[in-house]
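Enquirer: See my_file23.cif below, with mmCIF, C-alpha atoms; chains and numbers go by the auth columns.
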data_entry
loop_
_atom_site.group_PDB
_atom_site.id
_atom_site.type_symbol
_atom_site.label_atom_id
_atom_site.label_comp_id
_atom_site.label_asym_id
_atom_site.label_seq_id
_atom_site.Cartn_x
_atom_site.Cartn_y
_atom_site.Cartn_z
_atom_site.B_iso_or_equiv
_atom_site.auth_seq_id
_atom_site.auth_asym_id
ATOM 1 C CA MET A 1 -15.774 -13.540 10.544 0.00 1417 A
ATOM 2 C CA SER A 2 -15.918 -9.920 11.638 0.00 1418 A
ATOM 3 C CA LYS A 3 -13.231 -7.333 12.103 0.00 1419 A
ATOM 4 C CA SER A 4 -12.557 -5.944 15.560 0.00 1420 A
ATOM 5 C CA THR A 5 -13.262 -2.226 15.766 0.00 1421 A
ATOM 6 C CA ALA A 6 -12.020 -1.766 19.324 0.00 1422 A
ATOM 7 C CA LEU A 7 -9.185 0.674 19.910 0.00 1423 A
ATOM 8 C CA LYS A 8 -6.000 -0.951 21.112 0.00 1424 A
ATOM 9 C CA LYS A 9 -3.064 0.496 22.997 0.00 1425 A
ATOM 10 C CA SER A 10 0.442 -0.856 23.099 0.00 1426 A
ATOM 11 C CA ALA A 11 1.336 -2.040 26.583 0.00 1427 A
ATOM 12 C CA THR A 12 4.996 -1.065 26.165 0.00 1428 A
ATOM 13 C CA THR A 13 4.679 2.405 24.612 0.00 1429 A
ATOM 14 C CA GLY A 14 1.165 3.446 25.573 0.00 1430 A
ATOM 15 C CA ARG A 15 0.503 4.571 22.002 0.00 1431 A
ATOM 16 C CA PHE A 16 -2.443 3.507 19.903 0.00 1432 A
ATOM 17 C CA VAL A 17 -1.732 0.540 17.681 0.00 1433 A
ATOM 18 C CA THR A 18 -2.475 1.094 14.011 0.00 1434 A
ATOM 19 C CA LYS A 19 -2.315 -1.222 11.040 0.00 1435 A
ATOM 20 C CA PRO A 20 -1.484 -0.292 7.466 0.00 1436 A
ATOM 21 C CA LEU A 21 -4.406 0.429 5.163 0.00 1437 A
ATOM 22 C CA GLY A 22 -5.612 -2.363 2.956 0.00 1438 A
ATOM 23 C CA LYS A 23 -5.958 -2.066 -0.805 0.00 1439 A
ATOM 24 C CA GLY A 24 -9.702 -1.382 -0.631 0.00 1440 A
ATOM 25 C CA LYS A 25 -9.433 1.398 1.955 0.00 1441 A
ATOM 26 C CA ALA A 26 -6.514 2.979 0.126 0.00 1442 A
ATOM 27 C CA THR A 27 -8.579 3.016 -3.079 0.00 1443 A
ATOM 28 C CA LYS A 28 -11.475 4.712 -1.281 0.00 1444 A
ATOM 29 C CA PHE A 29 -9.172 7.375 0.189 0.00 1445 A
ATOM 30 C CA ALA A 30 -7.629 7.985 -3.227 0.00 1446 A
ATOM 31 C CA LYS A 31 -11.079 8.497 -4.787 0.00 1447 A
ATOM 32 C CA VAL A 32 -12.046 10.998 -2.092 0.00 1448 A
ATOM 33 C CA GLU A 33 -8.801 12.916 -2.604 0.00 1449 A
ATOM 34 C CA GLY A 34 -9.172 12.817 -6.398 0.00 1450 A
ATOM 35 C CA VAL A 35 -5.987 10.801 -6.919 0.00 1451 A
ATOM 36 C CA THR A 36 -5.983 8.502 -9.932 0.00 1452 A
ATOM 37 C CA THR A 37 -3.395 6.132 -11.356 0.00 1453 A
ATOM 38 C CA ASN A 38 -2.198 6.232 -14.914 0.00 1454 A
ATOM 39 C CA SER A 39 -2.132 3.071 -17.010 0.00 1455 A
ATOM 40 C CA LYS A 40 1.577 2.392 -16.322 0.00 1456 A
ATOM 41 C CA SER A 41 1.070 2.593 -12.548 0.00 1457 A
ATOM 42 C CA ALA A 42 -2.043 0.424 -12.641 0.00 1458 A
ATOM 43 C CA LYS A 43 -0.308 -2.203 -14.785 0.00 1459 A
ATOM 44 C CA THR A 44 2.731 -2.256 -12.470 0.00 1460 A
ATOM 45 C CA LEU A 45 0.554 -2.646 -9.373 0.00 1461 A
ATOM 46 C CA LYS A 46 -1.452 -5.478 -10.960 0.00 1462 A
ATOM 47 C CA THR A 47 1.703 -7.268 -12.143 0.00 1463 A
ATOM 48 C CA TYR A 48 3.319 -7.332 -8.719 0.00 1464 A
ATOM 49 C CA SER A 49 0.058 -8.100 -6.893 0.00 1465 A
ATOM 50 C CA ASP A 50 -0.537 -11.069 -9.193 0.00 1466 A
ATOM 51 C CA ARG A 51 2.928 -12.366 -8.299 0.00 1467 A
ATOM 52 C CA GLY A 52 1.785 -12.538 -4.685 0.00 1468 A
ATOM 53 C CA LEU A 53 3.831 -9.662 -3.280 0.00 1469 A
ATOM 54 C CA LYS A 54 2.344 -7.916 -0.250 0.00 1470 A
ATOM 55 C CA GLY A 55 3.274 -5.164 2.168 0.00 1471 A
ATOM 56 C CA ASP A 56 6.848 -3.915 2.142 0.00 1472 A
ATOM 57 C CA ALA A 57 7.889 -6.287 -0.649 0.00 1473 A
ATOM 58 C CA LEU A 58 5.159 -4.886 -2.903 0.00 1474 A
ATOM 59 C CA ARG A 59 6.067 -1.277 -2.066 0.00 1475 A
ATOM 60 C CA SER A 60 9.766 -1.931 -2.723 0.00 1476 A
ATOM 61 C CA ALA A 61 9.050 -3.569 -6.082 0.00 1477 A
ATOM 62 C CA ILE A 62 6.813 -0.708 -7.214 0.00 1478 A
ATOM 63 C CA THR A 63 9.305 1.918 -6.060 0.00 1479 A
ATOM 64 C CA GLY A 64 12.110 0.109 -7.871 0.00 1480 A
ATOM 65 C CA THR A 65 10.119 0.208 -11.096 0.00 1481 A
ATOM 66 C CA PHE A 66 9.906 4.000 -11.092 0.00 1482 A
ATOM 67 C CA ILE A 67 13.457 4.807 -9.958 0.00 1483 A
ATOM 68 C CA ASN A 68 15.726 5.964 -12.769 0.00 1484 A
ATOM 69 C CA LYS A 69 18.642 3.619 -13.200 0.00 1485 A
ATOM 70 C CA LYS A 70 22.023 5.343 -12.932 0.00 1486 A
ATOM 71 C CA GLY A 71 24.325 4.957 -15.903 0.00 1487 A
ATOM 72 C CA LYS A 72 21.584 4.185 -18.403 0.00 1488 A
#
Would you mind writing the file out in structure tokens?
Expert:
Amino acid sequence: MSKSTALKKSATTGRFVTKPLGKGKATKFAKVEGVTTNSKSAKTLKTYSDRGLKGDALRSAITGTFINKKGK
């Protein structure tokens, strides 16, 4: 099974269609930019990934972990 590398354009808007980066590509970009994760961030990401969360659900769960709770 191979990935399609052809450029695609949306028929309705005429703009190029892009997909979100996968975990592997995001890791490669982070290495190039010199961005690293601390142990808390890495543990949080692994925990939610192991639960099967993907995409927006995963991003929301990670964001919720690092937001300060009001009133506490």
Enquirer: Which residue is closest to A:Leu1461? Choose from A:Ile1478, A:Thr1429, A:Val1448, A:Thr1434 and count all atoms listed in the file.
Expert: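 Smallest distance to A:Leu1461 is found for A:Ile1478.
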Enquirer: So how many Å separate atom CA of A:Ser1465 and atom CA of A:Val1433, to one decimal?
Expert: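 Calculated distance between atom CA of A:Ser1465 and atom CA of A:Val1433 is 26.1 Å.
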Enquirer: Using Å and a single decimal, report how far atom CA of A:Ala1446 sits from atom CA of A:Leu1474.
Expert: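 Here the two named atoms are 18.1 Å from each other.
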Enquirer: Could you please determine the separation between atom CA of A:Lys1470 and atom CA of A:Thr1453 in Å, to one decimal place?
Expert: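 Atom-to-atom, atom CA of A:Lys1470 to atom CA of A:Thr1453, that is 18.8 Å.
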Enquirer: Please expand the PyMOL selection byres ((chain A and resi 1460) around 12) into the concrete residues it hits in this file, giving the result as a PyMOL selection string.
Expert: chain A and resi 1453-1459+1461-1467+1469+1474-1475+1477-1482
